[in-house]
Every structure is written in C-alpha cells, then in structure tokens.
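The file target34.cif contains mmCIF, C-alpha atoms and all ligand atoms:
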```cif
data_run
#
loop_
_atom_site.label_atom_id
_atom_site.label_comp_id
_atom_site.auth_asym_id
_atom_site.auth_seq_id
_atom_site.Cartn_x
_atom_site.Cartn_y
_atom_site.Cartn_z
CA MET I 1 11.16 -45.72 15.73
CA PRO I 2 11.84 -43.88 19.00
CA LEU I 3 14.74 -45.28 20.94
CA ALA I 4 14.26 -46.79 24.36
CA ALA I 5 10.52 -46.71 23.92
CA ALA I 6 9.13 -49.49 26.04
CA LEU I 7 6.65 -51.50 24.11
CA MET I 8 4.32 -53.34 26.44
CA ILE I 9 1.85 -55.49 24.70
CA GLY I 10 -1.12 -57.13 26.32
CA ALA I 11 -2.49 -56.56 29.78
CA GLY I 12 -0.58 -59.10 31.85
CA ALA I 13 -1.85 -59.44 35.41
CA ALA I 14 0.34 -57.87 38.07
CA THR I 15 1.56 -61.29 39.16
CA ALA I 16 2.27 -62.54 35.64
CA GLU I 17 5.78 -63.51 34.62
CA THR I 18 7.69 -60.81 32.75
CA VAL I 19 10.61 -61.02 30.34
CA ARG I 20 12.60 -57.89 29.50
CA VAL I 21 14.37 -57.81 26.18
CA TYR I 22 16.78 -55.11 24.93
CA ASN I 23 17.34 -55.39 21.19
CA TRP I 24 18.41 -53.17 18.30
CA SER I 25 15.79 -50.84 16.79
CA ASP I 26 14.14 -51.88 13.50
CA TYR I 27 15.21 -55.47 14.05
CA ILE I 28 12.00 -57.54 14.39
CA ASP I 29 8.56 -58.07 12.94
CA GLU I 30 6.60 -56.67 15.87
CA SER I 31 3.79 -59.19 15.45
CA LEU I 32 6.26 -61.70 16.91
CA LEU I 33 6.17 -59.84 20.23
CA GLN I 34 2.44 -60.47 20.53
CA LYS I 35 2.89 -64.06 19.35
CA PHE I 36 5.44 -64.71 22.12
CA GLN I 37 3.01 -63.39 24.73
CA ASP I 38 0.11 -65.38 23.31
CA GLU I 39 2.09 -68.61 23.26
CA THR I 40 3.77 -68.29 26.65
CA GLY I 41 1.46 -66.08 28.71
CA ILE I 42 4.56 -64.10 29.64
CA THR I 43 4.44 -60.30 29.55
CA LEU I 44 7.14 -59.03 27.23
CA VAL I 45 8.83 -55.69 27.75
CA TYR I 46 10.77 -54.90 24.59
CA ASP I 47 13.12 -51.89 24.58
CA VAL I 48 15.41 -50.84 21.76
CA PHE I 49 18.86 -49.27 21.31
CA ASP I 50 21.02 -48.44 18.30
CA SER I 51 24.54 -48.55 19.70
CA ASN I 52 26.79 -51.24 21.14
CA GLU I 53 28.43 -48.57 23.28
CA VAL I 54 25.10 -47.63 24.89
CA LEU I 55 24.32 -51.28 25.59
CA GLU I 56 27.81 -51.87 26.98
CA THR I 57 27.59 -48.93 29.38
CA LYS I 58 24.36 -50.39 30.82
CA LEU I 59 25.78 -53.89 31.08
CA LEU I 60 29.01 -52.84 32.77
CA ALA I 61 27.10 -50.72 35.28
CA GLY I 62 25.06 -53.81 36.20
CA GLY I 63 21.43 -53.96 37.25
CA SER I 64 20.16 -53.26 33.73
CA GLY I 65 17.02 -55.23 34.56
CA TYR I 66 17.16 -56.99 31.19
CA ASP I 67 16.82 -60.73 30.70
CA VAL I 68 17.99 -60.83 27.07
CA VAL I 69 20.37 -58.38 25.35
CA VAL I 70 21.85 -58.48 21.85
CA PRO I 71 25.45 -57.19 21.60
CA SER I 72 27.55 -57.66 18.46
CA GLY I 73 30.20 -60.39 18.59
CA THR I 74 33.23 -58.24 19.35
CA PHE I 75 31.43 -56.52 22.21
CA LEU I 76 30.03 -59.83 23.44
CA GLN I 77 33.57 -61.21 23.61
CA ARG I 78 34.92 -58.60 25.97
CA GLN I 79 31.68 -58.54 27.97
CA ILE I 80 31.97 -62.30 28.54
CA VAL I 81 35.49 -61.73 29.84
CA ALA I 82 34.18 -58.95 32.10
CA GLY I 83 31.73 -61.44 33.66
CA VAL I 84 28.63 -59.67 32.38
CA PHE I 85 26.79 -62.81 31.22
CA GLN I 86 25.61 -66.16 32.52
CA LYS I 87 25.94 -69.36 30.51
CA LEU I 88 22.90 -70.43 28.52
CA ASP I 89 20.91 -73.39 29.81
CA PHE I 90 20.73 -75.62 26.73
CA SER I 91 18.23 -77.96 28.42
CA GLN I 92 15.75 -75.12 27.91
CA LEU I 93 16.80 -74.41 24.32
CA PRO I 94 15.57 -77.35 22.21
CA ASN I 95 15.49 -75.13 19.11
CA ASP I 96 19.27 -74.91 19.25
CA GLN I 97 19.16 -77.99 16.99
CA TYR I 98 18.04 -75.75 14.12
CA MET I 99 20.98 -73.37 14.30
CA TRP I 100 23.50 -73.20 11.47
CA LYS I 101 26.87 -74.81 12.18
CA LEU I 102 28.67 -72.45 9.80
CA ILE I 103 27.55 -69.45 11.85
CA LYS I 104 28.09 -71.22 15.20
CA ASP I 105 31.67 -71.86 14.15
CA ARG I 106 32.19 -68.26 13.10
CA VAL I 107 30.83 -66.79 16.32
CA ALA I 108 32.85 -69.23 18.44
CA LYS I 109 35.65 -66.74 17.81
CA TYR I 110 33.80 -64.38 20.19
CA ASP I 111 32.17 -66.96 22.45
CA PRO I 112 34.49 -69.98 22.66
CA GLY I 113 32.45 -73.19 22.74
CA ASN I 114 29.21 -71.25 22.03
CA GLN I 115 28.37 -71.25 25.73
CA TYR I 116 27.01 -67.77 26.32
CA ALA I 117 25.11 -66.67 23.25
CA GLU I 118 22.97 -67.62 20.28
CA ASN I 119 23.02 -65.72 17.01
CA TYR I 120 20.07 -63.44 16.39
CA MET I 121 21.06 -61.99 13.02
CA TRP I 122 24.14 -60.98 11.10
CA GLY I 123 24.91 -58.54 8.33
CA THR I 124 27.33 -56.09 6.81
CA THR I 125 28.14 -52.38 7.02
CA GLY I 126 28.15 -50.57 3.70
CA LEU I 127 26.63 -47.98 1.41
CA GLY I 128 23.01 -46.91 1.29
CA ILE I 129 22.35 -44.77 -1.74
CA ASN I 130 19.57 -42.92 -3.44
CA VAL I 131 20.50 -44.22 -6.86
CA ASP I 132 18.90 -41.49 -8.99
CA LYS I 133 20.10 -38.55 -6.90
CA VAL I 134 23.66 -39.82 -6.61
CA ARG I 135 23.84 -40.39 -10.38
CA GLU I 136 22.27 -37.00 -11.07
CA ILE I 137 24.93 -35.28 -8.96
CA LEU I 138 28.01 -37.38 -9.70
CA GLY I 139 27.13 -38.59 -13.17
CA PRO I 140 26.83 -42.11 -14.53
CA ASP I 141 30.33 -43.04 -13.32
CA ALA I 142 29.52 -42.32 -9.67
CA PRO I 143 31.54 -44.79 -7.55
CA THR I 144 28.41 -46.17 -5.90
CA ASN I 145 30.13 -49.40 -4.90
CA SER I 146 33.26 -47.85 -3.45
CA LEU I 147 34.24 -46.49 -0.05
CA SER I 148 35.44 -43.42 -1.98
CA LEU I 149 31.82 -42.33 -2.30
CA ILE I 150 31.84 -41.51 1.42
CA PHE I 151 35.53 -41.22 2.34
CA ASP I 152 36.83 -39.16 -0.60
CA PRO I 153 36.02 -35.46 -0.13
CA LYS I 154 35.89 -35.11 -3.91
CA TYR I 155 32.64 -37.10 -3.99
CA VAL I 156 31.11 -36.63 -0.55
CA SER I 157 31.47 -32.83 -0.79
CA LYS I 158 29.17 -32.90 -3.81
CA LEU I 159 26.67 -35.19 -2.10
CA ALA I 160 26.53 -33.00 1.01
CA ALA I 161 23.81 -30.83 -0.54
CA CYS I 162 21.44 -33.79 -0.82
CA GLY I 163 22.44 -35.15 2.60
CA VAL I 164 24.90 -37.76 3.87
CA GLN I 165 24.66 -39.58 7.18
CA MET I 166 27.01 -41.97 8.90
CA LEU I 167 26.61 -44.52 11.67
CA ASP I 168 27.58 -43.38 15.15
CA ALA I 169 29.61 -46.57 15.52
CA PRO I 170 33.36 -46.04 15.95
CA SER I 171 34.06 -49.78 16.04
CA GLU I 172 32.69 -50.01 12.48
CA ILE I 173 33.61 -46.67 10.90
CA ILE I 174 37.27 -46.76 11.95
CA PRO I 175 37.81 -50.21 10.36
CA ALA I 176 36.09 -48.97 7.18
CA ALA I 177 38.30 -45.87 7.05
CA LEU I 178 41.36 -48.11 7.54
CA LYS I 179 40.18 -50.31 4.71
CA TYR I 180 39.79 -47.22 2.51
CA LEU I 181 43.44 -46.38 3.31
CA GLY I 182 44.54 -49.91 2.43
CA GLU I 183 45.38 -50.68 6.07
CA ASP I 184 44.33 -53.70 8.13
CA PRO I 185 40.75 -52.86 9.20
CA ASP I 186 41.30 -54.82 12.41
CA SER I 187 44.44 -52.95 13.40
CA HIS I 188 44.72 -52.30 17.13
CA ASP I 189 47.87 -50.23 16.72
CA PRO I 190 47.16 -46.67 17.93
CA ALA I 191 49.63 -45.31 15.35
CA VAL I 192 47.71 -47.01 12.54
CA ILE I 193 44.30 -46.05 13.96
CA ALA I 194 45.50 -42.42 14.11
CA LYS I 195 45.73 -42.44 10.31
CA VAL I 196 41.94 -42.31 10.04
CA GLU I 197 41.74 -38.96 11.80
CA PRO I 198 42.72 -36.79 8.82
CA VAL I 199 40.48 -38.89 6.54
CA LEU I 200 37.43 -38.48 8.76
CA MET I 201 38.17 -34.83 9.59
CA ALA I 202 38.36 -34.05 5.87
CA ILE I 203 34.87 -35.42 5.24
CA ARG I 204 33.40 -34.26 8.55
CA PRO I 205 31.98 -30.98 7.12
CA TYR I 206 29.91 -32.99 4.63
CA ILE I 207 28.32 -35.39 7.13
CA GLN I 208 24.91 -34.10 8.14
CA LYS I 209 24.58 -36.44 11.10
CA PHE I 210 26.23 -39.33 12.92
CA ASN I 211 23.27 -41.50 13.90
CA SER I 212 22.56 -45.22 13.73
CA SER I 213 18.79 -45.39 13.28
CA GLU I 214 17.41 -42.20 11.74
CA TYR I 215 18.92 -42.84 8.32
CA ILE I 216 16.31 -45.49 7.49
CA ASN I 217 13.48 -42.98 7.20
CA ALA I 218 15.79 -40.21 5.96
CA LEU I 219 16.82 -42.39 3.00
CA ALA I 220 13.26 -43.61 2.39
CA ASN I 221 11.83 -40.08 2.37
CA GLY I 222 14.53 -38.74 0.07
CA GLU I 223 15.85 -36.42 2.82
CA ILE I 224 19.36 -37.79 2.35
CA CYS I 225 20.99 -39.36 -0.68
CA ALA I 226 23.71 -41.46 0.95
CA ALA I 227 24.39 -43.20 4.24
CA PHE I 228 27.11 -45.42 5.57
CA GLY I 229 24.96 -47.92 7.42
CA TRP I 230 23.76 -51.47 7.96
CA SER I 231 22.63 -53.74 5.15
CA GLY I 232 19.12 -54.60 6.34
CA ASP I 233 18.39 -51.06 7.47
CA VAL I 234 19.12 -49.76 3.97
CA LEU I 235 16.93 -52.50 2.48
CA GLN I 236 14.14 -51.54 4.89
CA ALA I 237 14.52 -47.96 3.61
CA ARG I 238 14.21 -49.28 0.05
CA ASP I 239 10.96 -51.01 1.04
CA ARG I 240 9.52 -48.05 2.90
CA ALA I 241 10.13 -45.87 -0.17
CA ALA I 242 8.51 -48.46 -2.43
CA GLU I 243 5.51 -48.72 -0.09
CA ALA I 244 5.16 -44.94 0.01
CA GLY I 245 5.31 -44.90 -3.78
CA ASN I 246 7.40 -41.74 -3.59
CA GLY I 247 9.68 -42.62 -6.49
CA VAL I 248 12.74 -42.84 -4.24
CA ASN I 249 14.99 -45.63 -5.45
CA ILE I 250 17.32 -46.95 -2.72
CA ALA I 251 20.08 -49.52 -3.07
CA TYR I 252 22.54 -51.18 -0.70
CA GLU I 253 26.08 -51.77 -1.93
CA ILE I 254 28.82 -53.79 -0.29
CA PRO I 255 31.90 -51.63 -1.02
CA LYS I 256 34.27 -53.27 -3.49
CA GLU I 257 37.16 -52.62 -1.07
CA GLY I 258 35.44 -54.91 1.46
CA ALA I 259 32.86 -54.68 4.24
CA LEU I 260 32.61 -55.57 7.89
CA MET I 261 30.60 -58.68 8.64
CA TRP I 262 29.12 -58.58 12.14
CA PHE I 263 27.03 -60.95 14.26
CA ASP I 264 24.43 -59.83 16.81
CA MET I 265 24.14 -62.30 19.66
CA MET I 266 21.38 -63.03 22.18
CA ALA I 267 22.85 -63.29 25.68
CA VAL I 268 21.59 -63.26 29.26
CA PRO I 269 23.05 -60.84 31.83
CA ALA I 270 24.46 -62.52 34.96
CA ASP I 271 21.98 -60.53 37.04
CA ALA I 272 18.93 -61.10 34.79
CA PRO I 273 15.75 -61.05 36.93
CA ASN I 274 14.19 -63.94 34.95
CA PRO I 275 16.80 -66.25 33.38
CA SER I 276 14.33 -69.03 32.62
CA GLY I 277 12.06 -66.51 30.89
CA ALA I 278 15.14 -65.40 28.95
CA MET I 279 15.61 -68.98 27.72
CA LYS I 280 11.97 -69.05 26.61
CA PHE I 281 12.44 -65.89 24.57
CA ILE I 282 15.70 -67.09 22.99
CA ASN I 283 14.15 -70.47 22.20
CA PHE I 284 11.14 -68.69 20.65
CA MET I 285 13.43 -66.66 18.41
CA MET I 286 15.24 -69.86 17.39
CA ASP I 287 12.00 -71.35 16.13
CA PRO I 288 12.65 -71.55 12.37
CA HIS I 289 9.27 -70.00 11.48
CA ASN I 290 9.69 -67.12 13.91
CA ILE I 291 13.21 -66.13 12.95
CA ALA I 292 12.34 -66.50 9.26
CA ALA I 293 9.44 -64.09 9.79
CA ALA I 294 11.84 -61.67 11.45
CA SER I 295 14.40 -61.92 8.61
CA ASN I 296 11.70 -61.53 5.99
CA TYR I 297 10.67 -58.31 7.70
CA VAL I 298 14.06 -56.72 8.48
CA TYR I 299 16.18 -58.03 5.58
CA TYR I 300 18.98 -59.43 7.73
CA ALA I 301 20.32 -62.95 7.51
CA ASN I 302 20.00 -65.15 10.58
CA GLY I 303 22.00 -68.00 12.07
CA ASN I 304 19.24 -70.59 11.78
CA LEU I 305 19.70 -73.10 8.98
CA GLU I 306 16.21 -74.62 9.17
CA SER I 307 14.62 -71.16 8.82
CA GLN I 308 15.95 -70.87 5.27
CA LYS I 309 12.99 -72.91 3.98
CA TYR I 310 10.67 -70.17 5.15
CA LEU I 311 12.57 -67.16 3.84
CA ASN I 312 11.11 -65.11 1.01
CA PRO I 313 12.99 -65.49 -2.29
CA ASP I 314 14.00 -61.80 -2.21
CA VAL I 315 15.74 -62.46 1.12
CA ILE I 316 17.44 -65.84 0.68
CA GLY I 317 18.17 -64.98 -2.96
CA ASP I 318 19.78 -61.58 -2.33
CA THR I 319 23.58 -61.79 -2.05
CA ALA I 320 23.57 -58.52 -0.09
CA ILE I 321 21.71 -60.47 2.63
CA TYR I 322 22.91 -64.04 2.16
CA PRO I 323 26.31 -63.52 0.51
CA ASP I 324 27.51 -65.98 -2.12
CA ALA I 325 31.11 -67.22 -1.99
CA ALA I 326 32.47 -64.31 -4.04
CA THR I 327 30.75 -61.73 -1.84
CA MET I 328 31.86 -63.58 1.28
CA ASP I 329 35.49 -63.33 0.15
CA ASN I 330 35.13 -59.58 0.31
CA LEU I 331 33.96 -59.44 3.94
CA TYR I 332 36.17 -59.02 6.98
CA THR I 333 35.62 -59.37 10.72
CA THR I 334 37.18 -57.52 13.63
CA THR I 335 38.25 -58.32 17.18
CA PRO I 336 37.51 -56.29 20.34
CA TYR I 337 39.80 -53.39 21.23
CA GLU I 338 41.74 -53.76 24.47
CA GLN I 339 40.81 -51.13 27.10
CA SER I 340 43.81 -48.93 26.35
CA VAL I 341 43.06 -48.96 22.60
CA GLN I 342 39.35 -48.44 23.25
CA ARG I 343 40.21 -45.25 25.11
CA VAL I 344 42.15 -44.03 22.06
CA VAL I 345 39.20 -44.91 19.81
CA THR I 346 36.64 -43.22 22.06
CA ARG I 347 38.71 -40.01 22.23
CA LEU I 348 39.24 -40.01 18.48
CA TRP I 349 35.54 -40.56 17.81
CA THR I 350 34.48 -37.73 20.14
CA LYS I 351 36.86 -35.44 18.29
CA ILE I 352 35.58 -36.51 14.87
CA LYS I 353 31.94 -36.11 15.80
CA SER I 354 32.51 -32.66 17.27
CA GLY I 355 34.57 -31.74 14.20
CA VAL I 356 37.21 -29.73 16.08
C1 LIG E 1 19.18 -52.97 13.19
C2 LIG E 1 20.61 -52.74 13.21
C3 LIG E 1 21.36 -53.96 13.29
C4 LIG E 1 22.57 -53.93 13.75
N1 LIG E 1 18.51 -51.76 12.98
C5 LIG E 1 23.87 -53.68 13.85
N2 LIG E 1 24.59 -54.54 14.64
#
```

Translate the structure described by the file into structure tokens.
Amino acid sequence: MPLAAALMIGAGAATAETVRVYNWSDYIDESLLQKFQDETGITLVYDVFDSNEVLETKLLAGGSGYDVVVPSGTFLQRQIVAGVFQKLDFSQLPNDQYMWKLIKDRVAKYDPGNQYAENYMWGTTGLGINVDKVREILGPDAPTNSLSLIFDPKYVSKLAACGVQMLDAPSEIIPAALKYLGEDPDSHDPAVIAKVEPVLMAIRPYIQKFNSSEYINALANGEICAAFGWSGDVLQARDRAAEAGNGVNIAYEIPKEGALMWFDMMAVPADAPNPSGAMKFINFMMDPHNIAAASNYVYYANGNLESQKYLNPDVIGDTAIYPDAATMDNLYTTTPYEQSVQRVVTRLWTKIKSGV
C-alpha cells in the first residue's frame, strides 16, 4: 500500500465535519473507514506511515493537521513529555469500558494514569520466513526460531540470494541485536549500544533493503525468503500468499532469545483541528465489534477485552498473536531513549543503512 496516500471515502459536503487520522500502513480493515463515515456523517481522511521516526518528526514540528495519530508506547512517552498531545476527554469515550485492564496497566508505563492515549493494537517484532526456501537453503536444521538466522553472517549470507529485508526501525533493531549479543535490549548506555555496530555491519551486505512496509508483499510473492518484521504483517503476508495460491508458505516466529513487545497508541495532538471528532474516531475503534474486525483482518492483538468474543479462532487462538504465559515470558519491552542517546542511535543507524 502506498505510503502517505490520502484515502478519502465518500463525497462529504464542503461544510461537513472532517476527521484526519494518521495510522500505520496495513493496520485496518478498510471497510471500517466507510462504516465510520456512514455512522457519523463525518468525512474521514486516513493517511498512513510506517515509521515512528517519521510520525515523530511531524508531531514535533507541530501543525500536522491530524486529529488522531498512533505512535508506539516508547515514542508516545517522550512525546507526552514534549507537550505534543492533549488529554483524552473520557466523557466522549463510553467504549473505554470495554478496554482490557491488563493492557491498560502495561501501557501506563508510557502514559501514567492512562490520560493521553488508548491502545489500538500491540504485537511483537520477529522473524518472517519462507519456510520451504529457508529449509531448502539451510537444510532441515535451519535456525528458523533464532535471531541467528538474521544476525549471524553464517546463515544470513546464504539467505541473501533469495532476499532478506529488515525493518527501518532503529528503536527495534538495536534492542534485537543487543538481545542476540546477550546484552540488555533496553540498554541506554552508548558503550553497550556501540556493540551492535560490528554485528549489523557484518550482516549489512546481505540485507536487500531496510523498509518497514514493503516486506509484506515481498514475502507473499516469494521475492524474499526472510524478513525481520512485525508479527501481524508477516501473518498478512502468509494470507496474501495463500489467497494467491502461489505455493509460498510463510511463517512468523518469535525468536527463542526473546522479542520486543510494543503497543501502538491512539492519541490526539495538542493542536488537532477537530478534537471532538478525534474522540468519535477513537470511540468507534474501541467498539468491540469494530476493533475485532480490524484484528481479524490485520492479525494483531488489540487492547479491548470485550472484542475477544468476536475474534476469529485463528486470531485469538494463535499464540504468535495472543501470547500464552510461556510466550509472554519471552517478550521484553523498552523505554524511550533520552535525547543524547537518541542522537547516538540515529547516527549509528544512518551509518548501518548506508553500509560505510
Ligand atoms: C502495521 C505495523 C504495525 C506496527 N503494518 C508497528 N508498531
């Protein structure tokens, strides 16, 4: 799906109310966009992005024009501190009653008291693999559930011929590389973070592309055989391949060393043109039927307990989407980098991507 493509549905009159939403790409059942307009009479402008950094640049500049945006928890936390958001108006959010206390408690780490944001969805960052191709190249003992598949040149060099992509997301790849090294994935110590440079530089020649949205189709079409990406995106690739009937067999694996668990949060910029329209959109997405439809379509878990009744069995029953206790034990979270550390991370990432 093209990034930043404005999707305007319906022919709202010039005077009609408008809500502008900026969400991640491949993250909703698009029939919900029409449903929102039909139910509210509001014209919805729905733009997409695939990077927290891109969203953050817009938010910090101000005047984004958006009413609802969806940063991940760690980014939300420092954006709240920077004064980017307004508090939610819970009198306009009756569907808040359906949200899941377990997730509210977890995200309170980023948004103390749950005042600024509601969970949209959450997931993990791990391995997307073309099962048959990876086994064909690496043999039956291929470490398909290990970070070594991507971070050990011994394996990734062999996979390079069939194509390997990686997220363009330093705040997720650096923690994973630290985990691979046996370090604290949430380290903010520049000397520890520096240890990932030789690891990533060693595999850099074998990474076809750093991109956070193109790997869905690339996996589904058999153009690449491995990706380090997001859980639901890989599962969407699996479905697209199955629908195409192209014989491509995709699987998502949470690495046995551990995976990042992240939370994407709906929040309202302080300068949103239509804050009450924003509340209507957030409340719509907290309707258990609506968010269940979205999860059923994108294969991500959501923070709405009541919606679980309406989830398809292959969603609620898949531990890669709704982790069981054992899987949960293997997930970690991170905290936002301070500005000085962020500068180190940004420099390091630029160097890794350019490969020199
Ligand atoms: C959806 C990607 C979800 C998000 N394509 C990562 N936070």

7 Å shell around ligand LIG 1 (chain E) using all atoms listed in the file, listed as number ranges by chain: I: 24-27, 50, 72, 213, 230, 233, 262-264

Option closest in space to Val192 of chain I, from I:Val345, I:Ala326, I:Glu214, I:Gln339 [counting all atoms listed in the file]: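 Of I:Val345, I:Ala326, I:Glu214, I:Gln339, the one nearest Val192 of chain I is I:Val345, counting all atoms listed in the file.
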
Selected residue, from I:Ser307, I:Glu257, I:Ala161, I:Val107, that lies nearest to Tyr180 of chain I when counting only C-alpha atoms: I:Glu257

Distance query 12 Å from (11.9, -64.4, 7.2) using all atoms listed in the file, result as a PyMOL selection string: chain I and resi 27-29+32+121+285+287-317+321

Residue among I:Ala176, I:Ile137, I:Cys225, I:Met201 lying closest to Val356 of chain I, counting only C-alpha atoms: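 Smallest separation from Val356 of chain I among the options: I:Met201.
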
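With all atoms listed in the file as the atoms that count, the residue of I:Pro190, I:Pro269, I:Pro170, I:Gly113 with the shortest distance to Ala82 of chain I is I:Pro269.
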
Pick from I:Ala218, I:Ala61, I:Leu138, I:Ala16 nearest to Lys158 of chain I, counting all atoms listed in the file: I:Leu138

Separation of atom CA of Ala220 of chain I from atom CA of Glu172 of chain I in Å: 22.8 Å

Coordinates-based distance that separates atom CA of Val164 of chain I from atom CA of Val341 of chain I (Å, one decimal):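 Rounded to one decimal, the two atoms are 28.4 Å apart.
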
Separation of atom CA of Arg347 of chain I from atom CA of Lys179 of chain I, in Å and rounded to one decimal: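 Rounded to one decimal, the two atoms are 20.4 Å apart.
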